[in-house]
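Raw entry_19.json, JSON, N, CA and C atoms:
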```json
[["chain", "number", "residue", "atom", "x", "y", "z"],
["A", 1322, "LEU", "N", 8.53, 17.34, 1.35],
["A", 1322, "LEU", "CA", 8.41, 15.99, 1.85],
["A", 1322, "LEU", "C", 8.40, 14.98, 0.71],
["A", 1323, "TYR", "N", 7.70, 15.32, -0.35],
["A", 1323, "TYR", "CA", 7.66, 14.44, -1.51],
["A", 1323, "TYR", "C", 9.06, 14.26, -2.10],
["A", 1324, "ALA", "N", 9.81, 15.35, -2.18],
["A", 1324, "ALA", "CA", 11.17, 15.28, -2.72],
["A", 1324, "ALA", "C", 12.05, 14.38, -1.85],
["A", 1325, "ARG", "N", 11.83, 14.42, -0.54],
["A", 1325, "ARG", "CA", 12.59, 13.54, 0.35],
["A", 1325, "ARG", "C", 12.26, 12.08, 0.07],
["A", 1326, "MET", "N", 11.00, 11.78, -0.16],
["A", 1326, "MET", "CA", 10.62, 10.41, -0.51],
["A", 1326, "MET", "C", 11.30, 9.99, -1.80],
["A", 1327, "CYS", "N", 11.31, 10.88, -2.79],
["A", 1327, "CYS", "CA", 11.94, 10.57, -4.07],
["A", 1327, "CYS", "C", 13.44, 10.31, -3.90],
["A", 1328, "ARG", "N", 14.09, 11.11, -3.05],
["A", 1328, "ARG", "CA", 15.52, 10.90, -2.80],
["A", 1328, "ARG", "C", 15.77, 9.56, -2.12],
["A", 1329, "MET", "N", 14.92, 9.20, -1.17],
["A", 1329, "MET", "CA", 15.08, 7.90, -0.50],
["A", 1329, "MET", "C", 14.98, 6.76, -1.49],
["A", 1330, "LEU", "N", 14.03, 6.87, -2.40],
["A", 1330, "LEU", "CA", 13.87, 5.83, -3.41],
["A", 1330, "LEU", "C", 15.01, 5.84, -4.42],
["A", 1331, "ALA", "N", 15.47, 7.01, -4.80],
["A", 1331, "ALA", "CA", 16.59, 7.10, -5.74],
["A", 1331, "ALA", "C", 17.83, 6.45, -5.15],
["A", 1332, "ASN", "N", 18.04, 6.63, -3.86],
["A", 1332, "ASN", "CA", 19.18, 6.01, -3.19],
["A", 1332, "ASN", "C", 19.09, 4.49, -3.19],
["A", 1333, "ARG", "N", 17.91, 3.97, -3.45],
["A", 1333, "ARG", "CA", 17.69, 2.53, -3.50],
["A", 1333, "ARG", "C", 17.50, 2.03, -4.93],
["A", 1334, "GLY", "N", 17.87, 2.88, -5.88],
["A", 1334, "GLY", "CA", 17.83, 2.48, -7.29],
["A", 1334, "GLY", "C", 16.50, 2.71, -7.98],
["A", 1335, "LEU", "N", 15.58, 3.42, -7.35],
["A", 1335, "LEU", "CA", 14.27, 3.70, -7.94],
["A", 1335, "LEU", "C", 14.15, 5.18, -8.24],
["A", 1336, "GLU", "N", 14.97, 5.66, -9.14],
["A", 1336, "GLU", "CA", 15.04, 7.09, -9.43],
["A", 1336, "GLU", "C", 13.88, 7.53, -10.31],
["A", 1337, "ARG", "N", 13.35, 8.71, -10.01],
["A", 1337, "ARG", "CA", 12.27, 9.29, -10.82],
["A", 1337, "ARG", "C", 12.87, 9.95, -12.04],
["A", 1338, "LYS", "N", 12.33, 9.59, -13.20],
["A", 1338, "LYS", "CA", 12.78, 10.20, -14.45],
["A", 1338, "LYS", "C", 12.17, 11.59, -14.57],
["A", 1339, "PRO", "N", 12.90, 12.54, -15.15],
["A", 1339, "PRO", "CA", 12.36, 13.90, -15.29],
["A", 1339, "PRO", "C", 11.04, 13.95, -16.05],
["A", 1340, "SER", "N", 10.83, 13.00, -16.94],
["A", 1340, "SER", "CA", 9.61, 13.00, -17.75],
["A", 1340, "SER", "C", 8.42, 12.38, -17.02],
["A", 1341, "GLN", "N", 8.63, 11.77, -15.88],
["A", 1341, "GLN", "CA", 7.54, 11.10, -15.16],
["A", 1341, "GLN", "C", 6.75, 12.08, -14.30],
["A", 1342, "THR", "N", 5.44, 11.95, -14.37],
["A", 1342, "THR", "CA", 4.59, 12.68, -13.44],
["A", 1342, "THR", "C", 4.68, 11.97, -12.09],
["A", 1343, "PRO", "N", 4.24, 12.62, -11.02],
["A", 1343, "PRO", "CA", 4.25, 11.92, -9.73],
["A", 1343, "PRO", "C", 3.48, 10.60, -9.75],
["A", 1344, "PHE", "N", 2.36, 10.56, -10.45],
["A", 1344, "PHE", "CA", 1.58, 9.32, -10.50],
["A", 1344, "PHE", "C", 2.24, 8.26, -11.38],
["A", 1345, "GLU", "N", 2.89, 8.67, -12.45],
["A", 1345, "GLU", "CA", 3.62, 7.72, -13.27],
["A", 1345, "GLU", "C", 4.78, 7.10, -12.48],
["A", 1346, "TYR", "N", 5.44, 7.92, -11.69],
["A", 1346, "TYR", "CA", 6.52, 7.42, -10.84],
["A", 1346, "TYR", "C", 5.98, 6.40, -9.85],
["A", 1347, "LEU", "N", 4.87, 6.68, -9.26],
["A", 1347, "LEU", "CA", 4.26, 5.77, -8.31],
["A", 1347, "LEU", "C", 3.91, 4.44, -8.99],
["A", 1348, "GLU", "N", 3.39, 4.52, -10.20],
["A", 1348, "GLU", "CA", 3.03, 3.31, -10.95],
["A", 1348, "GLU", "C", 4.25, 2.50, -11.36],
["A", 1349, "ALA", "N", 5.42, 3.13, -11.41],
["A", 1349, "ALA", "CA", 6.63, 2.44, -11.83],
["A", 1349, "ALA", "C", 7.30, 1.67, -10.69],
["A", 1350, "PHE", "N", 6.80, 1.80, -9.47],
["A", 1350, "PHE", "CA", 7.39, 1.05, -8.36],
["A", 1350, "PHE", "C", 7.32, -0.44, -8.67],
["A", 1351, "PRO", "N", 8.36, -1.15, -8.36],
["A", 1351, "PRO", "CA", 8.36, -2.60, -8.61],
["A", 1351, "PRO", "C", 7.52, -3.31, -7.55],
["A", 1352, "ILE", "N", 6.19, -3.27, -7.71],
["A", 1352, "ILE", "CA", 5.31, -3.79, -6.67],
["A", 1352, "ILE", "C", 5.38, -5.30, -6.53],
["A", 1353, "ALA", "N", 6.03, -5.97, -7.46],
["A", 1353, "ALA", "CA", 6.20, -7.41, -7.31],
["A", 1353, "ALA", "C", 7.12, -7.71, -6.13],
["A", 1354, "GLU", "N", 8.00, -6.79, -5.81],
["A", 1354, "GLU", "CA", 8.87, -6.97, -4.65],
["A", 1354, "GLU", "C", 8.07, -6.67, -3.41],
["A", 1355, "HIS", "N", 7.96, -7.65, -2.53],
["A", 1355, "HIS", "CA", 7.16, -7.50, -1.31],
["A", 1355, "HIS", "C", 7.61, -6.31, -0.48],
["A", 1356, "SER", "N", 8.91, -6.08, -0.42],
["A", 1356, "SER", "CA", 9.43, -5.00, 0.41],
["A", 1356, "SER", "C", 8.97, -3.65, -0.08],
["A", 1357, "VAL", "N", 8.87, -3.46, -1.37],
["A", 1357, "VAL", "CA", 8.41, -2.19, -1.93],
["A", 1357, "VAL", "C", 6.89, -2.10, -1.86],
["A", 1358, "ARG", "N", 6.22, -3.20, -2.08],
["A", 1358, "ARG", "CA", 4.75, -3.20, -2.06],
["A", 1358, "ARG", "C", 4.22, -2.69, -0.73],
["A", 1359, "ALA", "N", 4.89, -3.01, 0.37],
["A", 1359, "ALA", "CA", 4.43, -2.57, 1.69],
["A", 1359, "ALA", "C", 4.49, -1.06, 1.84],
["A", 1360, "ALA", "N", 5.38, -0.42, 1.11],
["A", 1360, "ALA", "CA", 5.56, 1.03, 1.23],
["A", 1360, "ALA", "C", 4.66, 1.81, 0.28],
["A", 1361, "ILE", "N", 3.86, 1.12, -0.51],
["A", 1361, "ILE", "CA", 3.02, 1.80, -1.51],
["A", 1361, "ILE", "C", 1.98, 2.71, -0.87],
["A", 1362, "GLN", "N", 1.30, 2.25, 0.18],
["A", 1362, "GLN", "CA", 0.21, 3.05, 0.75],
["A", 1362, "GLN", "C", 0.68, 4.42, 1.22],
["A", 1363, "PRO", "N", 1.74, 4.52, 2.06],
["A", 1363, "PRO", "CA", 2.16, 5.86, 2.45],
["A", 1363, "PRO", "C", 2.73, 6.65, 1.27],
["A", 1364, "ALA", "N", 3.32, 5.98, 0.29],
["A", 1364, "ALA", "CA", 3.83, 6.67, -0.90],
["A", 1364, "ALA", "C", 2.67, 7.25, -1.70],
["A", 1365, "GLU", "N", 1.57, 6.50, -1.81],
["A", 1365, "GLU", "CA", 0.38, 7.00, -2.51],
["A", 1365, "GLU", "C", -0.18, 8.23, -1.79],
["A", 1366, "GLU", "N", -0.27, 8.13, -0.47],
["A", 1366, "GLU", "CA", -0.81, 9.24, 0.30],
["A", 1366, "GLU", "C", 0.05, 10.49, 0.15],
["A", 1367, "LEU", "N", 1.36, 10.32, 0.26],
["A", 1367, "LEU", "CA", 2.27, 11.46, 0.12],
["A", 1367, "LEU", "C", 2.20, 12.04, -1.29],
["A", 1368, "THR", "N", 2.11, 11.18, -2.29],
["A", 1368, "THR", "CA", 2.01, 11.65, -3.68],
["A", 1368, "THR", "C", 0.73, 12.43, -3.89],
["A", 1369, "MET", "N", -0.37, 11.93, -3.39],
["A", 1369, "MET", "CA", -1.65, 12.63, -3.56],
["A", 1369, "MET", "C", -1.63, 13.99, -2.86],
["A", 1370, "LEU", "N", -1.05, 14.04, -1.67],
["A", 1370, "LEU", "CA", -0.97, 15.32, -0.96],
["A", 1370, "LEU", "C", -0.03, 16.29, -1.68],
["A", 1371, "PHE", "N", 1.06, 15.76, -2.22],
["A", 1371, "PHE", "CA", 1.98, 16.61, -2.98],
["A", 1371, "PHE", "C", 1.29, 17.21, -4.20],
["A", 1372, "VAL", "N", 0.61, 16.38, -4.96],
["A", 1372, "VAL", "CA", -0.07, 16.85, -6.17],
["A", 1372, "VAL", "C", -1.14, 17.87, -5.80],
["A", 1373, "ARG", "N", -1.86, 17.60, -4.76],
["A", 1373, "ARG", "CA", -2.90, 18.54, -4.31],
["A", 1373, "ARG", "C", -2.29, 19.89, -3.93],
["A", 1374, "SER", "N", -1.17, 19.85, -3.22],
["A", 1374, "SER", "CA", -0.51, 21.07, -2.79],
["A", 1374, "SER", "C", 0.15, 21.80, -3.96],
["A", 1375, "ARG", "N", 0.81, 21.05, -4.82],
["A", 1375, "ARG", "CA", 1.59, 21.65, -5.91],
["A", 1375, "ARG", "C", 0.70, 22.19, -7.03],
["A", 1376, "TYR", "N", -0.33, 21.44, -7.36],
["A", 1376, "TYR", "CA", -1.13, 21.80, -8.53],
["A", 1376, "TYR", "C", -2.54, 22.28, -8.21],
["A", 1377, "GLY", "N", -2.95, 22.18, -6.96],
["A", 1377, "GLY", "CA", -4.28, 22.63, -6.56],
["A", 1377, "GLY", "C", -4.32, 24.13, -6.34],
["A", 1378, "ARG", "N", -5.49, 24.62, -6.14],
["A", 1378, "ARG", "CA", -5.68, 26.06, -5.91],
["A", 1378, "ARG", "C", -5.25, 26.49, -4.52],
["A", 1379, "ASP", "N", -5.47, 25.62, -3.55],
["A", 1379, "ASP", "CA", -5.23, 25.98, -2.16],
["A", 1379, "ASP", "C", -3.99, 25.28, -1.63],
["A", 1380, "SER", "N", -3.36, 25.91, -0.66],
["A", 1380, "SER", "CA", -2.25, 25.25, 0.02],
["A", 1380, "SER", "C", -2.83, 24.22, 0.98],
["A", 1381, "LEU", "N", -1.99, 23.31, 1.43],
["A", 1381, "LEU", "CA", -2.45, 22.29, 2.36],
["A", 1381, "LEU", "C", -2.78, 22.91, 3.71],
["A", 1382, "SER", "N", -3.83, 22.43, 4.29],
["A", 1382, "SER", "CA", -4.18, 22.86, 5.64],
["A", 1382, "SER", "C", -3.13, 22.32, 6.61],
["A", 1383, "PRO", "N", -3.05, 22.88, 7.79],
["A", 1383, "PRO", "CA", -2.10, 22.35, 8.78],
["A", 1383, "PRO", "C", -2.34, 20.86, 9.06],
["A", 1384, "GLU", "N", -3.59, 20.44, 9.05],
["A", 1384, "GLU", "CA", -3.90, 19.04, 9.30],
["A", 1384, "GLU", "C", -3.35, 18.14, 8.20],
["A", 1385, "LEU", "N", -3.50, 18.58, 6.94],
["A", 1385, "LEU", "CA", -2.98, 17.79, 5.83],
["A", 1385, "LEU", "C", -1.46, 17.82, 5.77],
["A", 1386, "ALA", "N", -0.86, 18.93, 6.20],
["A", 1386, "ALA", "CA", 0.61, 18.99, 6.28],
["A", 1386, "ALA", "C", 1.11, 17.97, 7.30],
["A", 1387, "VAL", "N", 0.41, 17.86, 8.42],
["A", 1387, "VAL", "CA", 0.78, 16.85, 9.43],
["A", 1387, "VAL", "C", 0.60, 15.45, 8.85],
["A", 1388, "ALA", "N", -0.47, 15.23, 8.10],
["A", 1388, "ALA", "CA", -0.71, 13.93, 7.47],
["A", 1388, "ALA", "C", 0.41, 13.59, 6.49],
["A", 1389, "ALA", "N", 0.88, 14.58, 5.75],
["A", 1389, "ALA", "CA", 1.98, 14.34, 4.80],
["A", 1389, "ALA", "C", 3.25, 13.97, 5.55],
["A", 1390, "HIS", "N", 3.53, 14.67, 6.63],
["A", 1390, "HIS", "CA", 4.71, 14.36, 7.44],
["A", 1390, "HIS", "C", 4.61, 12.95, 8.03],
["A", 1391, "GLU", "N", 3.44, 12.59, 8.52],
["A", 1391, "GLU", "CA", 3.23, 11.25, 9.07],
["A", 1391, "GLU", "C", 3.38, 10.17, 7.99],
["A", 1392, "ALA", "N", 2.90, 10.46, 6.79],
["A", 1392, "ALA", "CA", 3.05, 9.51, 5.69],
["A", 1392, "ALA", "C", 4.52, 9.31, 5.36],
["A", 1393, "LEU", "N", 5.30, 10.38, 5.37],
["A", 1393, "LEU", "CA", 6.73, 10.26, 5.11],
["A", 1393, "LEU", "C", 7.41, 9.44, 6.20],
["A", 1394, "LEU", "N", 7.08, 9.69, 7.45],
["A", 1394, "LEU", "CA", 7.68, 8.91, 8.55],
["A", 1394, "LEU", "C", 7.31, 7.44, 8.44],
["A", 1395, "HIS", "N", 6.06, 7.16, 8.11],
["A", 1395, "HIS", "CA", 5.62, 5.77, 7.93],
["A", 1395, "HIS", "C", 6.37, 5.13, 6.76],
["A", 1396, "PHE", "N", 6.54, 5.87, 5.69],
["A", 1396, "PHE", "CA", 7.28, 5.38, 4.53],
["A", 1396, "PHE", "C", 8.72, 5.04, 4.91],
["A", 1397, "GLN", "N", 9.37, 5.94, 5.65],
["A", 1397, "GLN", "CA", 10.74, 5.71, 6.10],
["A", 1397, "GLN", "C", 10.83, 4.45, 6.96],
["A", 1398, "GLN", "N", 9.90, 4.30, 7.87],
["A", 1398, "GLN", "CA", 9.90, 3.13, 8.74],
["A", 1398, "GLN", "C", 9.74, 1.85, 7.94],
["A", 1399, "LEU", "N", 8.87, 1.87, 6.95],
["A", 1399, "LEU", "CA", 8.67, 0.68, 6.13],
["A", 1399, "LEU", "C", 9.92, 0.36, 5.31],
["A", 1400, "LEU", "N", 10.57, 1.39, 4.79],
["A", 1400, "LEU", "CA", 11.80, 1.13, 4.04],
["A", 1400, "LEU", "C", 12.85, 0.46, 4.93],
["A", 1401, "ARG", "N", 12.97, 0.96, 6.14],
["A", 1401, "ARG", "CA", 13.94, 0.37, 7.08],
["A", 1401, "ARG", "C", 13.51, -1.02, 7.51],
["A", 1402, "HIS", "N", 12.25, -1.16, 7.88],
["A", 1402, "HIS", "CA", 11.75, -2.44, 8.39],
["A", 1402, "HIS", "C", 11.80, -3.53, 7.32],
["A", 1403, "LYS", "N", 11.43, -3.17, 6.12],
["A", 1403, "LYS", "CA", 11.42, -4.15, 5.03],
["A", 1403, "LYS", "C", 12.80, -4.32, 4.40],
["A", 1404, "ASN", "N", 13.75, -3.54, 4.90],
["A", 1404, "ASN", "CA", 15.15, -3.67, 4.49],
["A", 1404, "ASN", "C", 15.33, -3.52, 2.99],
["A", 1405, "ILE", "N", 14.74, -2.48, 2.43],
["A", 1405, "ILE", "CA", 14.96, -2.20, 1.03],
["A", 1405, "ILE", "C", 16.38, -1.67, 0.93],
["A", 1406, "GLN", "N", 17.19, -2.41, 0.24],
["A", 1406, "GLN", "CA", 18.62, -2.12, 0.21],
["A", 1406, "GLN", "C", 18.93, -0.92, -0.66],
["A", 1407, "LYS", "N", 19.92, -0.18, -0.20],
["A", 1407, "LYS", "CA", 20.42, 0.92, -1.00],
["A", 1407, "LYS", "C", 21.24, 0.35, -2.14],
["A", 1408, "LYS", "N", 21.18, 1.01, -3.26],
["A", 1408, "LYS", "CA", 21.96, 0.63, -4.42],
["A", 1408, "LYS", "C", 23.36, 1.18, -4.27],
["A", 1409, "HIS", "N", 24.35, 0.32, -4.39],
["A", 1409, "HIS", "CA", 25.74, 0.75, -4.26],
["A", 1409, "HIS", "C", 26.37, 0.76, -5.64],
["A", 1410, "ASN", "N", 27.03, 1.86, -5.97],
["A", 1410, "ASN", "CA", 27.73, 1.97, -7.24],
["A", 1410, "ASN", "C", 29.14, 1.44, -7.08],
["A", 1411, "GLY", "N", 29.59, 0.68, -8.07],
["A", 1411, "GLY", "CA", 30.98, 0.22, -8.07],
["A", 1411, "GLY", "C", 31.12, -1.12, -7.64]]
```
Write-out of the structure in structure tokens:
Amino acid sequence: LYARMCRMLANRGLERKPSQTPFEYLEAFPIAEHSVRAAIQPAEELTMLFVRSRYGRDSLSPELAVAAHEALLHFQQLLRHKNIQKKHNG
């Protein structure tokens, strides 16, 4: 789910650098842009759940997996609603 969020952002010109940690990537969001600022909360939640799952001792509980999925859906809705434009090459 976290990778899907990263792909959505990369398609909009906010690509994660290989050297960035998940939290560094989150901090790099252009929060001055109102459209991106609105999507920060679900992005933070998804990032925290990803880090917990990826680097923690335990896998996510079914409840937290549902929370991660809901955060991704909320993030997608905000991207669409706030009309964060995709970056077009060429």
| query | Do you know which residues are at most 8 Å from Arg1337 of chain A counting only C-alpha atoms, after dropping those on the same chain fewer than 6 positions away, and could you put them as a PyMOL selection string? | reply | chain A and resi 1327+1331+1346
| Proximity to His1395 of chain A - best of A:Pro1363, A:Gly1334, A:Met1329, A:Pro1343, only N, CA and C atoms | A:Pro1363
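For the choices A:Phe1396, A:Leu1385, A:Phe1344, A:His1390, the atom-to-atom distance to Val1372 of chain A is smallest for A:Phe1344 when using all atoms listed in the file.
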| request: Report the residues of segment 1324-1410 of chain A whose backbone DSSP state falls under alpha helix (DSSP H), written as a ChimeraX atom specification. | output: /A:1324-1331,1343-1348,1355-1358,1361-1376,1383-1402
| field | Atomic distance atom N of Ala1359 of chain A - atom CA of Glu1384 of chain A, expressed in Å with one decimal | value | 25.4 Å
| query | Using only C-alpha atoms, which residues sit within 9 Å of Ala1389 of chain A once same-chain residues fewer than 3 positions away are excluded, as a ChimeraX atom specification? | reply | /A:1322-1323,1363,1366-1368,1370-1371,1384-1386,1392-1394
| query | Could you work out how far atom CA of Val1387 of chain A lies from atom C of Arg1328 of chain A, giving the answer in Å with one decimal? | reply |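 Interatomic distance here is 20.3 Å.
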| Distance atom C of Leu1347 of chain A-atom CA of Asp1379 of chain A, one decimal place? | 24.4 Å
